Structure formats: structure tokens, C-alpha cells
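Okay, coords_17.cif now, which holds mmCIF, C-alpha atoms:
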data_data
#
loop_
_atom_site.group_PDB
_atom_site.id
_atom_site.type_symbol
_atom_site.label_atom_id
_atom_site.label_comp_id
_atom_site.auth_asym_id
_atom_site.auth_seq_id
_atom_site.Cartn_x
_atom_site.Cartn_y
_atom_site.Cartn_z
ATOM 1 C CA MET A 999 11.776 3.367 -37.960
ATOM 2 C CA ILE A 1000 12.710 5.046 -34.694
ATOM 3 C CA CYS A 1001 9.042 5.785 -33.986
ATOM 4 C CA ARG A 1002 8.171 2.124 -34.587
ATOM 5 C CA LEU A 1003 10.896 1.050 -32.165
ATOM 6 C CA VAL A 1004 9.732 3.543 -29.523
ATOM 7 C CA LEU A 1005 6.163 2.295 -29.942
ATOM 8 C CA GLY A 1006 7.406 -1.275 -29.551
ATOM 9 C CA LEU A 1007 9.315 -0.385 -26.390
ATOM 10 C CA LEU A 1008 6.310 1.370 -24.866
ATOM 11 C CA SER A 1009 4.060 -1.547 -25.778
ATOM 12 C CA SER A 1010 6.485 -4.013 -24.198
ATOM 13 C CA LEU A 1011 6.706 -1.925 -21.021
ATOM 14 C CA CYS A 1012 2.906 -1.811 -20.783
ATOM 15 C CA ALA A 1013 2.616 -5.531 -21.508
ATOM 16 C CA GLY A 1014 5.021 -6.320 -18.691
ATOM 17 C CA PHE A 1015 3.177 -3.998 -16.321
ATOM 18 C CA VAL A 1016 -0.198 -5.570 -17.109
ATOM 19 C CA CYS A 1017 1.175 -9.110 -17.020
ATOM 20 C CA ALA A 1018 2.703 -8.566 -13.567
ATOM 21 C CA THR A 1019 -0.502 -6.908 -12.361
ATOM 22 C CA ILE A 1020 -2.648 -9.836 -13.435
ATOM 23 C CA ALA A 1021 -0.268 -12.624 -12.389
ATOM 24 C CA ARG A 1022 1.090 -10.919 -9.250
ATOM 25 C CA ASN A 1023 4.433 -12.670 -9.697
ATOM 26 C CA MET A 1024 7.554 -12.367 -11.853
ATOM 27 C CA VAL A 1025 7.298 -15.791 -13.501
ATOM 28 C CA ALA A 1026 4.500 -14.809 -15.879
ATOM 29 C CA PRO A 1027 6.343 -11.771 -17.335
ATOM 30 C CA LYS A 1028 9.427 -13.939 -17.964
ATOM 31 C CA VAL A 1029 7.321 -16.516 -19.786
ATOM 32 C CA ALA A 1030 5.486 -13.786 -21.706
ATOM 33 C CA GLY A 1031 8.797 -12.216 -22.754
ATOM 34 C CA ALA A 1032 10.134 -15.535 -24.028
ATOM 35 C CA VAL A 1033 6.888 -16.262 -25.888
ATOM 36 C CA MET A 1034 6.898 -12.821 -27.502
ATOM 37 C CA VAL A 1035 10.463 -13.233 -28.743
ATOM 38 C CA VAL A 1036 9.646 -16.670 -30.170
ATOM 39 C CA LEU A 1037 6.515 -15.333 -31.885
ATOM 40 C CA PHE A 1038 8.274 -12.277 -33.330
ATOM 41 C CA LEU A 1039 11.254 -14.215 -34.740
ATOM 42 C CA PRO A 1040 9.395 -15.534 -37.817
ATOM 43 C CA VAL A 1041 7.796 -12.137 -38.411
ATOM 44 C CA HIS A 1042 11.160 -10.390 -38.461
ATOM 45 C CA TYR A 1043 12.627 -13.164 -40.597
ATOM 46 C CA MET A 1044 9.947 -12.468 -43.226
ATOM 47 C CA LEU A 1045 10.599 -8.708 -42.980
ATOM 48 C CA TRP A 1046 14.395 -9.044 -42.980
ATOM 49 C CA VAL A 1047 14.905 -7.418 -46.400
ATOM 50 C CA LYS A 1048 12.547 -4.487 -45.694
ATOM 51 C CA PHE A 1049 14.422 -3.106 -42.676
ATOM 52 C CA PRO A 1050 18.112 -2.749 -41.790
ATOM 53 C CA MET A 1051 19.723 -5.339 -39.531
ATOM 54 C CA TRP A 1052 20.110 -2.904 -36.615
ATOM 55 C CA TYR A 1053 16.340 -2.459 -36.557
ATOM 56 C CA HIS A 1054 15.653 -6.186 -36.201
ATOM 57 C CA LEU A 1055 18.402 -6.687 -33.662
ATOM 58 C CA PHE A 1056 17.313 -3.765 -31.502
ATOM 59 C CA PHE A 1057 13.687 -4.885 -31.514
ATOM 60 C CA LEU A 1058 14.370 -8.533 -30.767
ATOM 61 C CA ILE A 1059 17.069 -7.900 -28.152
ATOM 62 C CA SER A 1060 15.073 -5.236 -26.298
ATOM 63 C CA LEU A 1061 11.717 -7.035 -26.376
ATOM 64 C CA ALA A 1062 12.039 -9.291 -23.319
ATOM 65 C CA PRO A 1063 14.057 -6.842 -21.164
ATOM 66 C CA ALA A 1064 11.503 -4.067 -21.778
ATOM 67 C CA LEU A 1065 8.723 -6.410 -20.733
ATOM 68 C CA LEU A 1066 10.605 -7.314 -17.547
ATOM 69 C CA ILE A 1067 11.276 -3.649 -16.777
ATOM 70 C CA GLY A 1068 7.542 -2.956 -17.087
ATOM 71 C CA ALA A 1069 6.858 -5.826 -14.695
ATOM 72 C CA SER A 1070 9.394 -4.534 -12.195
ATOM 73 C CA LEU A 1071 7.859 -1.054 -12.387
ATOM 74 C CA GLN A 1072 4.526 -2.579 -11.423
ATOM 75 C CA SER A 1073 6.003 -4.306 -8.403
ATOM 76 C CA LYS A 1074 7.688 -1.059 -7.289
ATOM 77 C CA ILE A 1075 4.437 0.886 -7.609
ATOM 78 C CA VAL A 1076 2.493 -1.730 -5.661
ATOM 79 C CA SER A 1077 5.123 -1.893 -2.888
ATOM 80 C CA ALA A 1078 5.205 1.913 -2.638
ATOM 81 C CA SER A 1079 1.464 2.173 -2.022
#

Would you put the structure from the file into C-alpha cells?
Amino acid sequence: MICRLVLGLLSSLCAGFVCATIARNMVAPKVAGAVMVVLFLPVHYMLWVKFPMWYHLFFLISLAPALLIGASLQSKIVSAS
């Protein structure tokens, strides 16, 4: 379960980085984060009995912030170069 959560965090960071690279603003990553949470809510509802509550909560709560952190990393790298 921890490996799945780490993979999810890394994927969210990369998604935010790519989203900010393509859009070149911070609005798109915020929208993408909100859309991802909304799309993952029904999936985790269907999987609720297969995983402990802490797993679902960690994934859903960290999804949008990880995406925004990835987007902010992109803006820092671009401004540094």
C-alpha cells in the first residue's frame, strides 16, 4: 500500500510539472488537481472496503497538493534557467 501511495505521489508531482509546462500558468494545475480529486472520489468509494480508511484519506487529501507542488517546481526550474 505504501508503494502505491508513493507511486501516486510521484505521478501527481509529474502531472503538475507537465501541466504547468504546457499551460505556462498556475490556473491549469489548480483545475487539473480539482478534476483529479473529483474523478478519483467514485473510484475510491468503490474500493472503500478493500483498503483501510487511512489509505483513501491520504491519497485523496494529498492528490491536489502534490500536483500543485509539481507545478511550482516547474516554475522554479524555469525561473532559475

Can you pull out every residue within 7 Å of stretch 1016-1027 of chain A, counting only C-alpha atoms, but drop anything in the same chain fewer than 5 positions away, and send it as a PyMOL selection string?
chain A and resi 1065-1066+1069+1072

Contact residues around A:Leu1071 with all atoms listed in the file at 9 Å, ignoring same-chain residues under 3 positions, as a list in words
Leu1011, Gly1014, Phe1015, Leu1066, Ile1067, Gly1068, Lys1074, Ile1075 and Val1076 of chain A

Selected residues, C-alpha atoms, written as a CSV table (one decimal), in the coordinates of the input, please.
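Output contents, as saved in selection.csv:
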chain,number,residue,atom,x,y,z
A,1011,LEU,CA,6.7,-1.9,-21.0
A,1014,GLY,CA,5.0,-6.3,-18.7
A,1015,PHE,CA,3.2,-4.0,-16.3
A,1066,LEU,CA,10.6,-7.3,-17.5
A,1067,ILE,CA,11.3,-3.6,-16.8
A,1068,GLY,CA,7.5,-3.0,-17.1
A,1074,LYS,CA,7.7,-1.1,-7.3
A,1075,ILE,CA,4.4,0.9,-7.6
A,1076,VAL,CA,2.5,-1.7,-5.7

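Atom CA of A:Leu1058 to atom CA of A:Phe1038 spans 7.6 Å [interatomic distance, one decimal].
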
Do you have the atom CA of A:Ser1077-atom CA of A:Val1035 distance handy?
28.7 Å

Show me the residues around (14.4, -4.4, -32.2) - criterion: an atom at most 12 Å away, only C-alpha atoms counted - as a PyMOL selection string.
chain A and resi 999-1007+1010+1035+1038-1039+1041-1042+1046+1049-1064

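Taking atom CA of A:Cys1012 and atom CA of A:Val1036 as endpoints, the distance between them is 18.8 Å.
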
Around all of stretch 1049-1054 of chain A's listed atoms, make the axis-aligned box with 5 Å on each side and tell me centre and edge lengths in Å to one decimal, as AutoDock Vina command-line options.
--center_x 17.3 --center_y -4.3 --center_z -39.4 --size_x 15.7 --size_y 13.7 --size_z 16.5
